[in-house]
Every structure is written in structure tokens, then in C-alpha cells.
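A.B. asks: Please see the structure below; I have some questions.
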Amino acid sequence: MKKIFYILTLTAVVTACGSKNNSVESIIAKGDIEAIREKKATVSEEHKKLEMQMFKLDSAIAEIQGNKNLPLVSTLTTKNQVFNHFLELQGNVQTKQNVLIYPEMAGTLKRVYVKEGQKVNKGQILATIDDGGMSSQLAQLKTQAELAKTTYERQQRLWEQKIGSEIQYLQAKTNYEAQVNAIKQAESQLGKSSIRAPFTGIIDDVIKEQGTVVAPGMGSEVFRIVNLSNMYLDVEVPETYIKSIKNGKEAVVYFPILNDSVVTKVRQTGNFINPSNRSFVVEIPVPNKNGNIKPNLTAKVRLNDYTSNEAILIPQSVISENANGEQYVYVAEKTEENYANAKKKIITTGKSQGPLTEVVSGLTANEHVIKEGARTVKDGQKVEILNQ
């Protein structure tokens, strides 16, 4: 009804002003610039008068009908709460104890005691190499050492009684010590015929079969052993976060393949900025209680780079931006129960996490931010709060 009245009124004005000799078309047709400007000023003045009349009529209608035509809005009440922001990155699982085991002496692989997938303890014998008669040589050295020891002890007693020469005593002592050192060297060499586990872990691969001739050096690896209990992630973090990502920061690691997550903390941050991608490396330990996490498994990492204990959080959807690039929201200042005036507030925002954004300035706790209907209200407009 209001729109019809506006159209009829405007038509009447145009008709009154639009005689054949004084119509807009006739003035334009004459090409008189002064007359055109004068006509424009007249029409503009009439238009302002019409707008003023329409405003009065709208006010009268609103007063007669009460609050039936007020915009309906819903609000949320701001409060101080803990806000944790997480940086999302990607990394691959690694282990520092993933090594190839090589033989320390040449010979035939006499026996293999373990198989793939078997758990072994540190120092456990994994295989033995034919020692080529070295054990027999060691037995012979021990026999010679016993004789040298007996000779030395007798010569020592004689020398203490001032019997015999000093040179005889020293020769016996030197001979015995040389035999002891020879035994130690032989035992050390013979020990290399046994391949032992360098740490507790799992035999991932048996590379050489029993009976194979092996020798020290590249290409002669016998086993691969992996420790799955000491896993970690190396994650490259942009240098802009060098102040916020520190040792002890919380990290949430998600494994898409396993559909599982673990909560851990940053163990070490790198001290070198990679010039190619302007990042530094962060090391994150990964507990592996059930053994499902394997080396090179892809993981998504969320690192806590910012925490505020008294943050004001609002949905990103209620934030608007004006022509000057300023962000603003509307708050409902209550005038009576379920009714309020909408007020525009310029705000400054911080970090966002999901649908929520932190408001750094412009809002305080216990304010009623207009949520539903925020895009349709105007500053100072009276609104009806549908629910809060």
C-alpha cells in the first residue's frame, strides 16, 4: 500500500509539472542549458519534499501498527573464553633408529637366528659368521698365557728373594702382559663373528641368507632393524612463526590412513632457516603404543601458535566491512523486553579458527551481537529480538 501511494503521488507531481510547454522532454528538446538546470533543480526539490512526506507517513504507519513491521533478529552474548589457535601443517613419520646392520668381519654367514618381524633386544645375537679357526687360535693363546703367568709369578718370587737377575724378572713380566693383550685382541676380533642388535627393535628385513659370504663394506648389509617405539615427525614451519612455535607447545597429530590422532608436544625447534622456502624444522615425538604408526606415514599436524585466556569470539558471518576497509558488527542495545536499537560498532579482529574469529578491540563481554538479520539492519534502527 505504501509503495502504491508513493507511485501515485510521484505521478501527480510529474503530471502537474509536465505541461506541454514545460515538460522535461520539451525543455531538453530546446537545448537551453540554463533551462535544463533550472528544471532539474525544481524536480530535485519536489523529490526531497516527497521523501520527507514518505518518511512522515512511514512513521505514522509504524506508530499506528506498533512493532509489527520491525526487523526480526537473533543475538548472541559475548563472553571471555579461552581461545587456542592452531597452525595446520603436514609431515612424514620418521624414526632415528632405522638402520642397516653390516658385518664387521669377512666370512660365511654360518647361522641366522632371527626372522622378519621378530622383536629383538639390544645386544641379542642375530647371526654368526664362520670365524675361520680364530676360536682355536684364541684357545692356544690362553694356554700360552697360563704358562707365561706361571713363569712370571715364579720369577717374581725369586726376584723378591734377591735371586736371579732383574732382566729375567722384567722379561717374564713383559712376556705375560703381551700374552694377556694378545688374548684381549683375539677375543675382540672373535666377537665380530657374532652380529648383535644395536638397540631394541623389530627385524624389518633379513637381507642375506644363511650360507652367504659376507664382508665389511657397502652392499653387504645383513639386516634392517627398526625401533617403532621412538617415532617422530619433522615438520617445516614458516619463519613468520619462529617466535610463537617453541619447545613444549601442544601439537595434535592426525593420521588420515589410520583415522587416528595423538596429542603430543614440540620436542625441538631448529636453529636454521632454509633459504629455499624460508622455513625451520620442528621435531615432534609420536607415541606408538599399538605399533600401527610406521616410518614415512603421512600425518597432518596442528601446532598451537597462539593462546588467549580472555578472548571475545564471534562468528565470521556476522562481520561486515565498510568502504574504508573497517570491520563492523551490529549490537542490540535493549530498550524494553525483546526490543532493542541496533548500533554499529567498529571492531578489530585477530586470528580465526574454523567459523570463529577473535575480536581484539571494539567489543567487551556481555554485549548482544546481532547474529541472524545482521545484514539487513541499519545503525539506530529499532529491532525485535526473536530469540537470544
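Ordered as shown in the C-alpha cells, chains take letters A, B, and onward, while each chain numbers its residues from 1 and ligands are numbered from 1 in the order shown.
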I need the residues of stretch 100-342 of chain A that end up classed as strand (DSSP E) by DSSP on the backbone, written out as a ChimeraX atom specification.

C.D. replies: /A:100-101,107-112,119-120,125-129,194-196,201-206,213-214,223-226,231-238,250-255,260-265,268-269,279-286,298-315,320-321,327-336,339-342

A.B. asks: Export, as a CSV table (one decimal), in the first residue's frame, the selected residues with C-alpha atoms.

C.D. replies:
```
chain,number,residue,atom,x,y,z
A,100,LEU,CA,71.1,-51.4,8.3
A,101,ILE,CA,73.4,-53.8,10.1
A,107,GLY,CA,83.4,-64.9,6.2
A,108,THR,CA,80.5,-67.2,5.6
A,109,LEU,CA,77.2,-66.4,7.3
A,110,LYS,CA,77.2,-69.6,9.4
A,111,ARG,CA,73.8,-69.2,11.0
A,112,VAL,CA,70.8,-66.7,11.1
A,119,LYS,CA,61.2,-58.3,18.1
A,120,VAL,CA,64.8,-58.4,19.4
A,125,ILE,CA,72.8,-62.3,18.7
A,126,LEU,CA,71.2,-62.1,15.3
A,127,ALA,CA,73.6,-64.2,13.3
A,128,THR,CA,77.1,-65.7,13.4
A,129,ILE,CA,79.9,-65.7,10.9
A,194,SER,CA,78.6,-62.5,16.1
A,195,ILE,CA,76.2,-59.9,14.7
A,196,ARG,CA,74.2,-58.4,17.5
A,201,GLY,CA,63.5,-53.1,17.9
A,202,ILE,CA,62.0,-55.2,15.2
A,203,ILE,CA,63.8,-57.0,12.4
A,204,ASP,CA,62.3,-55.4,9.3
A,205,ASP,CA,64.3,-57.3,6.7
A,206,VAL,CA,66.6,-60.2,6.6
A,213,VAL,CA,79.7,-65.0,2.1
A,214,VAL,CA,79.8,-61.5,3.6
A,223,PHE,CA,69.6,-57.0,8.4
A,224,ARG,CA,67.4,-53.9,8.7
A,225,ILE,CA,66.3,-53.2,12.2
A,226,VAL,CA,63.7,-50.5,13.2
A,231,MET,CA,58.9,-42.3,16.3
A,232,TYR,CA,58.8,-38.6,15.4
A,233,LEU,CA,57.8,-36.0,12.8
A,234,ASP,CA,60.0,-33.4,11.1
A,235,VAL,CA,57.7,-30.5,10.1
A,236,GLU,CA,58.7,-27.4,8.2
A,237,VAL,CA,57.3,-24.3,9.8
A,238,PRO,CA,57.3,-20.9,8.0
A,250,GLU,CA,51.0,-28.5,22.1
A,251,ALA,CA,50.7,-30.5,18.8
A,252,VAL,CA,47.8,-32.6,17.6
A,253,VAL,CA,48.9,-35.2,15.0
A,254,TYR,CA,46.3,-36.8,12.8
A,255,PHE,CA,46.9,-39.8,10.6
A,260,ASP,CA,43.5,-41.7,14.5
A,261,SER,CA,45.0,-38.8,16.4
A,262,VAL,CA,47.6,-38.4,19.1
A,263,VAL,CA,48.2,-35.3,21.3
A,264,THR,CA,51.9,-34.6,21.9
A,265,LYS,CA,54.3,-31.6,22.3
A,268,GLN,CA,62.9,-29.5,19.4
A,269,THR,CA,62.8,-26.4,17.2
A,279,SER,CA,61.2,-22.3,7.0
A,280,PHE,CA,62.7,-24.0,10.0
A,281,VAL,CA,62.3,-27.6,11.1
A,282,VAL,CA,60.3,-28.6,14.2
A,283,GLU,CA,60.7,-32.1,15.7
A,284,ILE,CA,57.6,-33.7,17.3
A,285,PRO,CA,57.7,-37.1,19.1
A,286,VAL,CA,54.9,-39.5,18.2
A,298,THR,CA,51.7,-39.1,6.2
A,299,ALA,CA,50.4,-37.0,9.0
A,300,LYS,CA,48.6,-33.7,9.4
A,301,VAL,CA,49.9,-31.6,12.3
A,302,ARG,CA,48.1,-28.8,14.2
A,303,LEU,CA,50.6,-26.7,16.2
A,304,ASN,CA,49.3,-24.3,18.9
A,305,ASP,CA,50.9,-20.9,17.9
A,306,TYR,CA,48.6,-18.6,19.9
A,307,THR,CA,46.5,-18.8,23.1
A,308,SER,CA,44.3,-16.2,24.8
A,309,ASN,CA,42.6,-16.9,28.1
A,310,GLU,CA,40.1,-14.0,27.8
A,311,ALA,CA,39.2,-13.8,24.2
A,312,ILE,CA,36.0,-12.5,22.7
A,313,LEU,CA,34.9,-14.8,19.9
A,314,ILE,CA,32.1,-14.2,17.3
A,315,PRO,CA,31.1,-15.9,14.1
A,320,SER,CA,30.9,-6.8,7.7
A,321,GLU,CA,33.3,-4.3,6.1
A,327,GLN,CA,35.2,-4.1,10.0
A,328,TYR,CA,32.0,-3.7,12.0
A,329,VAL,CA,29.1,-5.6,13.7
A,330,TYR,CA,25.7,-4.6,15.0
A,331,VAL,CA,24.9,-4.9,18.7
A,332,ALA,CA,21.4,-4.8,20.1
A,333,GLU,CA,21.0,-2.2,22.9
A,334,LYS,CA,17.8,-3.2,24.7
A,335,THR,CA,15.1,-0.6,25.2
A,336,GLU,CA,12.5,-3.0,26.6
A,339,TYR,CA,13.1,-4.9,21.7
A,340,ALA,CA,16.3,-3.0,21.1
A,341,ASN,CA,18.1,-0.4,18.9
A,342,ALA,CA,20.7,-1.7,16.5
```

A.B. asks: Quick one: residues within 12 Å of stretch 157-159 of chain A, only C-alpha atoms counted, chain neighbours fewer than 4 positions away excluded, as a PyMOL selection string?

C.D. replies: chain A and resi 150-153+163-170+172-173

A.B. asks: Okay, now the selection with C-alpha atoms, as a short mmCIF file (atom, residue, chain, number, x, y, z; two decimals), in the first residue's frame?

C.D. replies:
```cif
data_model
loop_
_atom_site.label_atom_id
_atom_site.label_comp_id
_atom_site.auth_asym_id
_atom_site.auth_seq_id
_atom_site.Cartn_x
_atom_site.Cartn_y
_atom_site.Cartn_z
CA THR A 150 103.34 -69.14 35.89
CA THR A 151 106.82 -68.16 34.71
CA TYR A 152 106.25 -64.54 35.69
CA GLU A 153 104.97 -65.41 39.18
CA ILE A 163 117.75 -64.48 43.49
CA GLY A 164 118.37 -64.16 39.78
CA SER A 165 118.78 -61.02 37.69
CA GLU A 166 116.39 -58.14 37.24
CA ILE A 167 116.39 -58.59 33.48
CA GLN A 168 114.97 -62.10 33.84
CA TYR A 169 112.15 -60.79 36.01
CA LEU A 170 111.33 -57.98 33.57
CA ALA A 172 108.92 -62.71 32.28
CA LYS A 173 106.61 -59.82 33.20
#
```

A.B. asks: I'd like to know which of A:Gln144, A:Ser74, A:Gln137, A:Asn69 is closest to A:Arg375, using only C-alpha atoms.

C.D. replies: A:Ser74

A.B. asks: Find the residues around A:Asn296 up to 6 Å (only C-alpha atoms counted), leave out those fewer than 3 positions away in its own chain, and share them as a list in words.

C.D. replies: Asn92, Val93 and Gln94 of chain A

A.B. asks: Take the residues from that selection and write them out as a PDB file, in the first residue's frame, keeping C-alpha atoms.

C.D. replies:
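Produced file again.pdb, reproduced below:
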```pdb
ATOM      1  CA  ASN A  92      56.032 -37.624   7.442  1.00  0.00           C
ATOM      2  CA  VAL A  93      56.718 -40.038  10.286  1.00  0.00           C
ATOM      3  CA  GLN A  94      60.362 -40.904  10.838  1.00  0.00           C
TER       4      GLN A  94
END
```

A.B. asks: Would you please work out which residue, of A:Asn98, A:Ser220, A:Gln316, A:Thr240, is nearest to A:Phe199 when using only C-alpha atoms?

C.D. replies: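 For A:Phe199, the nearest of the given residues is A:Asn98.
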
A.B. asks: Of the candidates A:Leu76, A:Ala182, A:Ile385, A:Lys243, which shows the shortest atom-to-atom distance to A:Ala365, using only C-alpha atoms?

C.D. replies: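 Answer, going by the shortest atom-to-atom distance: A:Leu76.
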
A.B. asks: Write out as an MDAnalysis selection string all residues of stretch 58-253 of chain A that DSSP puts in helix (DSSP H, G or I) for this structure's backbone.

C.D. replies: chainID A and resid 58:65 134:160 166:191 239:241

A.B. asks: Let's have the selection written as a compact mmCIF listing (two decimals), in the first residue's frame, with C-alpha atoms.

C.D. replies:
```txt
# COMPACT_ATOMS: atom_id res chain seq x y z
CA ASP A 58 6.06 5.66 7.38
CA SER A 59 6.47 6.96 10.93
CA ALA A 60 2.72 7.34 11.27
CA ILE A 61 2.09 3.83 9.96
CA ALA A 62 4.71 2.37 12.35
CA GLU A 63 3.18 4.25 15.28
CA ILE A 64 -0.34 3.08 14.42
CA GLN A 65 0.65 -0.55 13.79
CA MET A 134 90.02 -67.98 15.22
CA SER A 135 88.41 -69.65 18.26
CA SER A 136 91.15 -72.35 18.16
CA GLN A 137 93.82 -69.66 17.99
CA LEU A 138 92.26 -67.98 20.99
CA ALA A 139 92.39 -71.24 22.98
CA GLN A 140 96.07 -71.62 22.09
CA LEU A 141 96.79 -68.05 23.20
CA LYS A 142 95.11 -68.69 26.53
CA THR A 143 97.31 -71.78 27.09
CA GLN A 144 100.43 -69.78 26.30
CA ALA A 145 99.25 -67.06 28.63
CA GLU A 146 98.86 -69.53 31.51
CA LEU A 147 102.47 -70.64 31.02
CA ALA A 148 103.68 -67.04 30.82
CA LYS A 149 101.76 -66.24 34.01
CA THR A 150 103.34 -69.14 35.89
CA THR A 151 106.82 -68.16 34.71
CA TYR A 152 106.25 -64.54 35.69
CA GLU A 153 104.97 -65.41 39.18
CA ARG A 154 107.97 -67.69 39.88
CA GLN A 155 110.44 -65.15 38.59
CA GLN A 156 108.77 -62.50 40.73
CA ARG A 157 109.20 -64.59 43.92
CA LEU A 158 112.86 -65.22 43.10
CA TRP A 159 113.48 -61.52 42.46
CA GLU A 160 111.84 -60.63 45.78
CA GLU A 166 116.39 -58.14 37.24
CA ILE A 167 116.39 -58.59 33.48
CA GLN A 168 114.97 -62.10 33.84
CA TYR A 169 112.15 -60.79 36.01
CA LEU A 170 111.33 -57.98 33.57
CA GLN A 171 111.38 -60.33 30.57
CA ALA A 172 108.92 -62.71 32.28
CA LYS A 173 106.61 -59.82 33.20
CA THR A 174 106.68 -58.36 29.70
CA ASN A 175 106.01 -61.76 28.11
CA TYR A 176 102.98 -62.33 30.35
CA GLU A 177 101.49 -58.87 29.69
CA ALA A 178 101.98 -59.37 25.95
CA GLN A 179 100.10 -62.68 26.11
CA VAL A 180 97.20 -61.03 28.03
CA ASN A 181 96.93 -58.25 25.44
CA ALA A 182 97.01 -60.80 22.62
CA ILE A 183 94.08 -62.66 24.22
CA LYS A 184 92.06 -59.44 24.51
CA GLN A 185 92.72 -58.59 20.87
CA ALA A 186 91.78 -62.10 19.74
CA GLU A 187 88.59 -62.04 21.82
CA SER A 188 87.64 -58.67 20.33
CA GLN A 189 88.25 -59.99 16.83
CA LEU A 190 86.34 -63.18 17.53
CA GLY A 191 83.44 -61.13 18.91
CA GLU A 239 59.76 -18.43 9.54
CA THR A 240 56.95 -15.99 10.47
CA TYR A 241 56.06 -18.35 13.34
```

A.B. asks: Interatomic distance between atom CA of A:Asn121 and atom CA of A:Asn230?

C.D. replies: 14.5 Å

A.B. asks: Looking at A:Leu87, A:Ala374, A:Ala197, A:Val222, which one is nearest to A:Lys122, with distances taken over only C-alpha atoms?

C.D. replies: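 The closest residue to A:Lys122 is A:Ala197.
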
A.B. asks: Report, in Å with one decimal, the straight-line distance from atom CA of A:Thr349 to atom CA of A:Ser244.

C.D. replies: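 That distance, rounded to one decimal, is 18.7 Å.
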
A.B. asks: What is the distance between atom CA of A:Ile370 and atom CA of A:Met52, in Å to one decimal?

C.D. replies: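 These atoms are spaced 29.5 Å apart.
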